[in-house]
Every structure is written in C-alpha cells, then in structure tokens.
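A.B. asks: Here you go, one structure.
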Amino acid sequence: MRKPAVFKTKYDPGSVEKTCYAFWEKKGYFKPEYRTGGKPFSVTIPPPNVTGELHMGHALQHAIHDAVVRWKRMQGHRTLCLPGTDHAGIATQMKVEQQLFEEEGKGRHDIGRDEMLKRIVSWKQEYGGTILNQLREMGCSYDWDRERYTMERGYARAVLSAFVKFYERGWVYRGRRMVNWCPRCGTVISDLEVEDRENEGHLWHIRYPGMEGGPDVVVATTRPETMLGDTGVAVHPEDRRWQRAIGKRVMLPLMERPIPIVADGYADPEMGSGAVKVTPAHDPNDYEIGLRHGLPEIQVIGFSGEMTGEAGTFGGMDRFACRIAVISALKESGLLERVEDYEHMVPHHDKCGTSIEPLPMDQWFLAMKSLANQALPALKEQEIRYVPDRFRAYSVEWLENIQDWCISRQIWWGHRIPVWTCEDCGEVLVRVDTPAVCDACGSRSLVQDPDVLDTWFSSALWPFATLGWPEQAKDLKEFHPTDLMITGRDILYLWVARMIMTAVEFVDEIPFETVLVHPTVQTRDGKRMSKSLGTGIDPRELIERYGADATRLSLLYQCGSSQDIRFDADVVDNRLQDSPITESCRNFCNKIWNAARFVQMNLDGYNLSSARPPIRADDAADRWILSQYSRTVCAVTASLEAYRFDEASRTLYEFVWNGFCDWYLEIAKVRLNAGAPEAATATRHILVHVLEGSLRLLHPMAPFISEALWQQLPHTGDALIVAKWPEADPGRLDEAAEREMALLQAAVGAVRNIRGTMRVPPGRRADVLLKVNSPEVGDVLARLQVYLRTLATVADLRIGADIDRPPASASAVLKDVEIFVPLQGLIDLEVERQRLKKEIEKLKTLLCGLDRKLSNSGFLNNAPPEVVDREKGRHEQYLHALGRLNENLAAVTS
C-alpha cells in the first residue's frame with residue numbers, strides 16, 4: 001500500500017476506505033491461499049436475499065463477521081469467509097411481477113412461465129449484487145472469488161440431489177395439511193414469513209339455535225365470514241354447563257346446516273360461554289379438532305381470497321366484503337348477540353402485507369422426526385456450542401417437538417421439484433436430471449410437478465453445498481465443518497436447526513462448531529426497525545456521515561450479552577438524526593488519527609526500524625503505559641474469545657483515548673522537549689510500540705483507519721490485515737508503576753478541578769502545595785513532579801508533611817495527600833466572592849420554589865410520576881450545587 005507523501009491533518013474516511021479496500025483485494029489477502037501454513041478457520045455468511053439492501057441487522061451481523069474473520073486471520077489461521085446470496089423465491093418473483101405490472105400492465109400468467117423466469121434472471125443480473133457491494137463498503141474481507149448463489153448450476157444440483165436422497169429414504173411424501181396461504185402471491189408460505197400485526201378489530205358474539213331440544217349456543221369470533229364453513233361446535237368435556245348438550249346439534253345461521261356439539265379439551269371453559277365454533281378448513285386448531293372428531297372440511301374462502309360456492313349466496317364475494325355482509329345478515333335475523341372492540345394479532349405475509357389464510361391443502365412434505373433424532377445428540381452433548389447457551393436448549397426443545405415440513409411452493413422462481421409423472425401409465429419418476437422416457441412404459445409424455453421448493457430447503461444445505469457437496473471437493477474436505485455460524489435468533493429453528501439436520505444426514509458431521517446468536521437492533525424506544533413504518537435506519541447513511549469504521553465500532557460497542565440493541569438515532573420525516581454513540585466513535589477515529597500524526601511528526605530524523613532494540617523503561621510513566629498496554633492486549637483478546645464485542649471495543653477505546661492519548665502523549669511531550677536524548681529515544685520507541693500494537697488490536701473492529709495509520713509507522717510485514725495479533729508481555733505488568741501513576745493522575749485531576757471550579761484562567765500558572773501523610777507518597781510525587789507541573793499548569797510546587805493551608809485557598813483531599821491552591825493573586829477574590837454570593841442567592845430562590853412545589857399535595861397527586869421524579873432530581877442537584885458554592889465562598893473568604 002503506497003504511503004501518502006504527507007500525513008493528512010484531518011481524517012477523511014471516504015478516501016481511506018477506498019484506497020485500503022482496493023489494496024487488500026489486489027493483494028489477495030481475503031483468500032485462505034494467501035497463507036500456506038496455519039490451521040483453517042472457516043465461516044459461511046447467512047446468505048442475504050438478492051432483493052435485499054443493507055439494513056441495521058445486516059450491518060451488525062457483518063461487523064461481527066468481519067471482526068472475527070480479521071482477528072483469526074491475524075492469529076495466523078488460513079481464513080475463509082465465504083459469501084453468497086439466496087435467490088429468495090417469493091420476494092424476487094414479487095419484485096419482478098410488480099415491475100411487469102407497472103411497465104406493461106401484465107401479470108406473470110400473461111407472459112408465461114419461461115418468459116417470467118427469463119425476466120427474473122435478467123433482473124437478478126442487474127440488481128442482485130447490490131447488497132454484496134454494500135458489504136464491501138463496510139470493509140468485509142470475504143473471499144469474493146468463492147461467492148455462491150443458491151440458483152447457480154452447482155448449488156442447484158446439490159438442492160435437487162438432497163430432494164432425491166430424501167425421497168429415496170422415504171421421507172418426502174405428498175400429503176394434506178393445514179398451511180399458510182397467501183392469496184396475493186398465490187402460494188404457501190413458511191411460518192417465518194408470517195408476520196403477526198396488531199389489529200383493532202371486533203369480537204362478534206353469534207347465537208346458534210339449538211335443535212332437537214338442545215340449547216342455543218353463543219360463540220364468539222373475530223372472523224364471522226368463516227362461520228359459513230363451520231361443521232361443529234366444541235365444548236370442554238368437563239364443563240358442567242354443556243354436559244347435556246354434547247352429542248346434540250345446533251343450526252348454523254345463514255347456511256341452515258345442522259352441525260354437532262362435540263366434547264374437546266381445546267375449548268376453554270373460562271372463555272366466554274365456553275363454546276367455540278369449529279371451522280376445520282380455515283383454522284389450524286379447528287383443523288386438529290376436526291381430525292379428532294371426524295368433522296368435514298368445507299372451504300368457503302378460495303385461494304384468491306374470494307368466497308367459494310360453498311359459501312352459498314355469499315359465493316364470489318371478497319372475503320372482507322363478505323364479513324360485512326354476514327354481520328348485516330346476522331343482525332337482520334336477530335342472531336348477533338353483541339359486538340365488542342377487540343385488539344388481536346392478525347397474521348400477514350411479511351413480503352406483500354396480505355392477510356394470510358390458513359387452508360388445508362395437498363402439498364409436498366418432508367418427514368422431520370428421523371432427521372431431528374439424528375441431530376439431537378450433537379446439541380445435547382454440546383458438540384455444537386451456542387453463544388449464549390440458552391439458545392441450545394431452545395433448539396433441543398424445538399427438535400424434540402418437530403413437525404413435518406411443507407417444502408413446496410406455488411411460484412415459478414426457485415428449484416423446481418424434480419418429480420415427473422407419466423401421462424400414459426401414471427408412473428412417478430424422481431430424478432436429479434430430467435428423464436427422457438418413462439421407466440415403466442417408455443413413454444415420453446412426462447409432466448414435471450409445477451411447484452418449486454421452499455427457499456429454506458435450499459438454504460438448509462448452505463455450509464456444505466457452498467463448499468462443493470455433493471462432490472468430494474477440496475474445499476469441503478478442508479473447511480468443513482465450518483468453525484462459526486453467526487445469526488439472529490429469529491431463524492434458529494427454521495434455518496440453523498435445519499442446517500444441522502441436513503449436514504448430519506448428508507456429510508455425517510456437524511456443519512459448524514459454534515453458533516453465535518447476535519443481538520437484535522431496535523429503535524431507540526425498543527421497537528422493531530421497519531423501513532415501511534419509517535423507523536428503519538439505513539446504515540449507508542451512517543457510513544456516509546461518520547465513516548465505515550465509526551459505524552462498525554458503534555455497533556460492536558453495543559453488542560453485549562443482551563439480545564437487544566436500542567440504537568440511539570431516530571428517523572424523523574425520513575431524515576436520519578444524529579447518533580451520539582456513532583459520533584463518539586468517529587471522534588475516537590479522529591483522536592487516534594491525530595495521535596498517530598503526532599507520533600509520526602516526532603519520528604523525523606530517528607531510525608526506528610522494524611527491528612528496533614528492546615524498549616528501555618525506567619521511568620514510571622513508561623512502565624505504566626507498557627503495563628496498561630499488556631493488560632489491554634489480554635483483555636481485548638479474552639473478550640474476542642468470548643465474543644463479547646462490547647467489552648473488546650470499550651476496553652480498547654478507554655485505553656487509547658484515556659491512557660495513551662490523554663495521559664501518555666502529554667507526558668511524552670514533556671520528555672521529548674526535556675532535552676535528554678536517551679529519554680527522548682526511549683519515549684519514541686514506546687510511542688511506536690504502543691500505538692502500533694493498539695492499531696493491531698483495533699484492526700478487526702475498525703479496519704480502514706488502522707491499516708492506513710499502521711502503514712505510516714515503522715512495522716514488519718506488508719499489511720496490517722495479515723500482521724501478527726499482539727501478545728501480552730507478562731514481564732511488563734507493573735503494579736508499582738500503576739499505583740504511582742494513579743496517584744499522579746488523581747493529583748493532576750484534583751488541581752484541574754480546583755482551577756475549573758474557581759475559574760482560574762487556563763494559561764495562568766498556579767502555586768500548588770501538597771501535604772503528604774507518608775514519605776513514600778512524597779517520594780513518588782517528587783519523582784513525578786515534572787509531569788505534575790506541566791499537566792496541572794503549576795508555577796511553584798511544594799511537597800511536604802508539615803505544610804499548613806494558606807489563607808484564601810481552595811483544597812482537595814486524596815488518600816494520603818491534601819492539596820492546596822492559593823487563590824490570592826491568581827483570581828480577583830472580591831469579584832469571585834460577589835459572583836458566588838449571587839449564584840448562591842439564585843440557587844436559594846430556585847430551591848424555595850421547588851420546596852413549595854414538592855410540598856404541594858395537588859402537584860404530587862396529579863402530576864405524572866416522571867414529572868415528580870424529575871423535580872425531585874432537580875432539587876437534589878440544586879442542594880449539591882449550593883453546598884459546593886458555599887465551600888468555594890468559604891475558600892475565597894478565609
């Protein structure tokens with residue numbers, strides 16, 4: 001990487017990011033082949049949809065991915081992070097269908113399957129790489145030459161091979177089950193694609209007239225249109241109110257169809273009348289009741305969302321229009337008992353926003369029990385580690401209660417189910433490759449099943465299919481099992497657990513050794529981020545405003561053991577507001593940039609080669625910074641090993657900002673300007689050693705700025721990205737130096753606090769008297785007085801045990817040290833006395849007003865609790881401030 005001729009005075013993220021990334025890619029550092037030795041470390045990223053664009057969840061997930069990958073690379077591993085995208089069947093087809101309608105006013109059936117697929121492929125080629133390019137902007141060091149796509153030829157063959165193998169095992173079958181149906185998209189959808197939305201609706205109470213001497217029954221429903229398909233009423237077998245009614249019948253209103261009253265444990269005696277209507281064709285729970293009692297299924301809502309002929313006179317109506325018509329008819333017949341306002345959750349398709357319909361349908365299913373039983377030992381015996389571990393227990397519970405999986409979808413974009421039926425003899429053929437003739441009769445009249453496989457079926461093969469399965473590929477042998485899977489908790493069952501099952505089945509080993517479940521990024525007030533609701537934050541805006549390093553660092557800074565991150569920026573009128581944490585991380589980048597610039601400016605003319613001599617450290621400040629650096633190396637490494645990215649970033653942030661920049665750099669200025677060549681040389685060596693090591697620690701979290709700065713310092717190797725991870729030197733741990741520096745820092749801080757409180761002009765030096773209670777403390781302060789004089793802006797310094805407090809002086813008390821700062825001649829005492837008296841009177845007036853308010857029972861009883869608490873807090877603050885002002889007044893009056 002070519003060094004700039006002049007170290008820029010200001011950090012410019014944009015130019016640094018472009019230069020660094022191009023340099024890394026050109027050199028091939030992202031590829032595992034860059035290293036010939038070392039243990040492999042492999043990760044496959046969760047493949048984002050080709051329709052996707054970067055959101056905050058992606059940004060966090062890939063800040064974690066890249067931090068781990070860069071850290072492992074620096075530890076000497078042959079590191080592979082394999083990227084790729086998912087074809088996202090429903091989402092992609094829906095996007096192209098929208099484009100087709102907007103541009104030509106047509107639907108997919110107007111142009112046919114083949115033409116529709118051509119257009120989807122064309123759309124993918126134009127837009128499908130957007131999100132991967134955005135990951136590059138974040139600095140993700142992935143092996144782009146190994147990029148995979150779930151619809152590419154090799155991967156598609158793996159998907160079809162898996163289906164055929166499952167079929168040959170007898171685990172794939174055609175069956176009838178209750179599924180989630182989207183009328184808008186015309187397909188089954190998975191549970192993960194169902195989004196429950198809060199709805200302010202109604203609960204309608206409907207009377208079903210009794211028959212054969214039986215009682216009337218009142219049932220309640222939020223979907224009265226489904227009553228047209230009722231085939232029973234259920235009551236709890238132990239509900240005494242209904243004991244005599246069990247086995248009798250009621251008349252279904254509007255349809256004039258007798259339906260039985262059955263006893264079933266699903267009915268809750270505590271809810272309403274204790275009786276529930278049963279619609280086996282339109283509710284999952286009712287479907288199960290129907291199976292238990294042999295109730296017929298009557299489908300009154302069709303696949304398009306319109307009422308079927310089974311709905312009688314309501315047939316052909318839209319389902320929601322039918323709801324209004326049914327309510328009106330019930331009112332006219334006097335069978336609508338009452339209506340309640342009722343808030344409840346309504347399932348919607350998360351892609352198109354349509355309210356889904358539960359419907360029983362014939363679909364392709366994969367039997368899951370045997371697969372789950374094969375995978376369970378890996379979880380129970382902790383062969384796969386979960387971080388946090390509680391998610392392992394949740395996954396075990398899910399696998400133990402697993403249901404068969406509906407794997408077919410009624411769309412065109414995806415892996416078409418490899419099942420053909422002979423039109424002449426009915427023979428069914430299941431093949432990876434398209435058969436030419438029927439095996440049974442030789443006919444060429446073969447018709448392929450029109451459905452495609454669930455997108456989650458293909459992604460369930462991701463870790464090993466991306467590495468070359470079903471072939472015995474080199475990458476599969478070398479990098480599988482992968483080391484780590486980083487994901488959110490929302491897909492632990494529908495994706496992570498399925499990857500474990502398929503890997504155990506097809507490659508006879510676990511797919512990854514560790515599952516890291518990262519937090520969910522929420523809005524400031526703890527709600528789900530949503531672009532459609534205007535609460536989503538575009539991380540690219542953060543990158544543009546603050547830089548990629550600051551954006552990454554801010555996310556990792558908040559990535560702890562909690563499962564929620566409440567991001568501190570809001571979106572108002574579609575405009576991103578300031579993010580204080582990200583801004584502080586940008587300030588950190590500026591801080592370390594300026595520190596590096598200072599160090600480089602002080603290296604001119606000095607030969608500090610990469611093979612520099614052992615660092616000499618006699619001075620307490622030198623020993624202290626080296627000790628603190630060693631502790632930081634240990635702490636950051638331990639935090640990364642535990643995947644505690646918040647601790648890693650905070651530890652490094654505190655050390656660089658407070659320890660190195662705020663303290664050691666200021667001390668270094670004293671030593672460099674003191675005129676002692678040997679001390680100055682030692683200081684330069686220590687500055688380079690600590691800064692260069694800190695940049696190596698920073699690299700996984702903020703790769704761009706760390707690489708750019710590292711290139712400007714004396715170093716070994718071509719690039720920071722492949723430099724060695726720092727190792728702590730236990731011999732540098734120095735508790736004595738740390739105690740001495742803690743004393744100096746406390747003394748300097750106390751004098752600075754006095755100066756600020758008493759409004760001493762910044763450039764004016766003050767006399768300082770230090771009364772010590774032990775000779776040891778006096779010796780330490782005497783040895784470090786050159787730093788105390790400079791850092792605390794001291795004129796005359798006296799240190800001793802027999803020092804009395806001067807008149808008109810401010811003081812501070814530390815352990816074993818009492819500090820006095822004489823104020824006579826330093827400030828105008830009379831002016832300061834008058835100012836303090838005015839401040840005191842002002843505060844007393846404010847306190848009187850607050851006392852009256854807080855003693856007013858009307859205010860205490862009627863004001864919101866948060867307002868009362870706020871006023872009490874102000875009262876405490878004012879009392880504390882009044883005490884300090886009185887102390888200061890006493891100091892300038894004595």
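How things are named: the first chain in the structure tokens is A, the next is B, and so on; residues count from 1 in each chain; ligands count from 1 in the order shown.
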Could you tell me, as a list in words, which residues of segment 42-112 of chain A DSSP assigns to strand (DSSP E) when given the backbone?
C.D. replies: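 Everything in segment 42-112 of chain A that counts as strand (DSSP E) is Ser42, Val43, Thr44, Arg78, Thr79, Leu80, Cys81, Leu82, Gly84 and Thr85 of chain A.
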A.B. asks: Name the residues in contact with Asp564 of chain A at a cut-off of 8 Å, using only C-alpha atoms, excluding same-chain residues fewer than 6 positions from it; report them as a ChimeraX atom specification.
C.D. replies: /A:519-522
A.B. asks: Deliver the residues from the most recent selection as a file, using all heavy atoms, as an mmCIF file, in the first residue's frame.
C.D. replies:
```
data_model
loop_
_atom_site.group_PDB
_atom_site.id
_atom_site.type_symbol
_atom_site.label_atom_id
_atom_site.label_comp_id
_atom_site.auth_asym_id
_atom_site.auth_seq_id
_atom_site.Cartn_x
_atom_site.Cartn_y
_atom_site.Cartn_z
ATOM 1 N N PRO A 519 -27.316 -9.885 18.951
ATOM 2 C CA PRO A 519 -28.476 -9.111 19.379
ATOM 3 C C PRO A 519 -29.308 -8.627 18.192
ATOM 4 O O PRO A 519 -28.863 -8.639 17.037
ATOM 5 C CB PRO A 519 -27.859 -7.919 20.124
ATOM 6 C CG PRO A 519 -26.485 -8.342 20.472
ATOM 7 C CD PRO A 519 -26.049 -9.266 19.378
ATOM 8 N N THR A 520 -30.508 -8.190 18.499
ATOM 9 C CA THR A 520 -31.400 -7.577 17.518
ATOM 10 C C THR A 520 -31.301 -6.064 17.652
ATOM 11 O O THR A 520 -31.334 -5.534 18.765
ATOM 12 C CB THR A 520 -32.857 -8.022 17.762
ATOM 13 O OG1 THR A 520 -32.929 -9.448 17.609
ATOM 14 C CG2 THR A 520 -33.798 -7.370 16.765
ATOM 15 N N VAL A 521 -31.155 -5.381 16.528
ATOM 16 C CA VAL A 521 -31.087 -3.917 16.557
ATOM 17 C C VAL A 521 -32.502 -3.358 16.510
ATOM 18 O O VAL A 521 -33.261 -3.647 15.579
ATOM 19 C CB VAL A 521 -30.263 -3.368 15.375
ATOM 20 C CG1 VAL A 521 -30.119 -1.849 15.493
ATOM 21 C CG2 VAL A 521 -28.892 -4.021 15.326
ATOM 22 N N GLN A 522 -32.849 -2.578 17.522
ATOM 23 C CA GLN A 522 -34.174 -1.990 17.611
ATOM 24 C C GLN A 522 -34.075 -0.468 17.572
ATOM 25 O O GLN A 522 -32.994 0.110 17.585
ATOM 26 C CB GLN A 522 -34.866 -2.434 18.910
ATOM 27 C CG GLN A 522 -35.058 -3.940 19.010
ATOM 28 C CD GLN A 522 -35.714 -4.352 20.308
ATOM 29 O OE1 GLN A 522 -35.589 -3.667 21.328
ATOM 30 N NE2 GLN A 522 -36.415 -5.469 20.297
#
```
A.B. asks: As an MDAnalysis selection string, please: the residues near segment 21-37 of chain A (cut-off 10 Å, only C-alpha atoms, same-chain neighbours under 5 positions excluded).
C.D. replies: chainID A and resid 1:2 16 42 69:70 73 76:82 136:146 703:704 707 718:722
A.B. asks: Please return, as a short mmCIF file (atom, residue, chain, number, x, y, z; two decimals) with C-alpha atoms, in the first residue's frame, all residues of segment 252-378 of chain A that DSSP assigns to helix (DSSP H, G or I) on the basis of the backbone.
C.D. replies:
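File produced: part_3.cif:
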```
data_model
loop_
_atom_site.label_atom_id
_atom_site.label_comp_id
_atom_site.auth_asym_id
_atom_site.auth_seq_id
_atom_site.Cartn_x
_atom_site.Cartn_y
_atom_site.Cartn_z
CA PRO A 284 -55.17 -24.70 12.41
CA ASN A 285 -56.67 -25.54 15.81
CA ASP A 286 -60.08 -26.24 14.31
CA TYR A 287 -58.39 -28.46 11.73
CA GLU A 288 -56.98 -30.63 14.55
CA ILE A 289 -60.38 -30.72 16.29
CA GLY A 290 -61.93 -31.79 13.02
CA LEU A 291 -59.45 -34.66 12.66
CA ARG A 292 -60.15 -35.84 16.21
CA HIS A 293 -63.92 -35.87 15.70
CA GLY A 309 -69.55 -21.73 -3.98
CA GLU A 310 -69.67 -23.49 -0.59
CA ALA A 311 -70.47 -20.08 0.91
CA GLY A 312 -73.93 -20.15 -0.68
CA THR A 313 -75.34 -16.76 -1.55
CA PHE A 314 -72.08 -15.16 -0.41
CA ARG A 319 -63.59 -12.25 1.99
CA PHE A 320 -63.64 -8.87 3.75
CA ALA A 321 -66.74 -7.69 1.90
CA CYS A 322 -68.33 -10.99 2.88
CA ARG A 323 -67.57 -10.24 6.54
CA ILE A 324 -69.66 -7.07 6.35
CA ALA A 325 -72.47 -8.91 4.54
CA VAL A 326 -72.52 -11.76 7.08
CA ILE A 327 -72.70 -9.33 10.01
CA SER A 328 -75.58 -7.50 8.32
CA ALA A 329 -77.46 -10.76 7.68
CA LEU A 330 -76.95 -11.90 11.29
CA LYS A 331 -78.36 -8.60 12.56
CA GLU A 332 -81.43 -8.97 10.34
CA SER A 333 -82.01 -12.49 11.63
CA LYS A 369 -38.63 -36.85 13.10
CA SER A 370 -35.79 -39.12 11.93
CA LEU A 371 -33.70 -36.13 10.83
CA ALA A 372 -34.24 -34.46 14.20
CA ASN A 373 -33.30 -37.61 16.12
CA GLN A 374 -30.03 -37.81 14.19
CA ALA A 375 -29.17 -34.19 15.01
CA LEU A 376 -30.23 -34.08 18.67
CA PRO A 377 -27.09 -35.75 20.13
CA ALA A 378 -24.87 -33.01 18.66
#
```
A.B. asks: Using only C-alpha atoms, find the one residue out of A:Leu60, A:Ile565, A:Val194, A:Leu252 that sits nearest to Asp350 of chain A.
C.D. replies: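 Nearest to Asp350 of chain A: A:Val194.
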A.B. asks: Using only C-alpha atoms for the distances, tell me which of A:Thr893, A:Thr637, A:Thr226, A:Gln410 is nearest to Lys72 of chain A.
C.D. replies: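 Selected residue with least distance to Lys72 of chain A: A:Thr637.
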A.B. asks: Would you mind telling me which residue in A:Thr150, A:Gln403, A:Asn888, A:Thr790 lies nearest to Leu823 of chain A when using only C-alpha atoms?
C.D. replies: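 Using only C-alpha atoms, Leu823 of chain A sits closest to A:Asn888.
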A.B. asks: Suppose you want the space between atom CA of Ile206 of chain A and atom CA of His282 of chain A; what is it in Å?
C.D. replies: 17.9 Å
A.B. asks: Write out as a PyMOL selection string the residues lying within 10 Å of Gly232 of chain A, counting only C-alpha atoms and excluding same-chain residues fewer than 4 positions away.
C.D. replies: chain A and resi 227+249-252+258-262+276-280+286+289-290+293+295-296
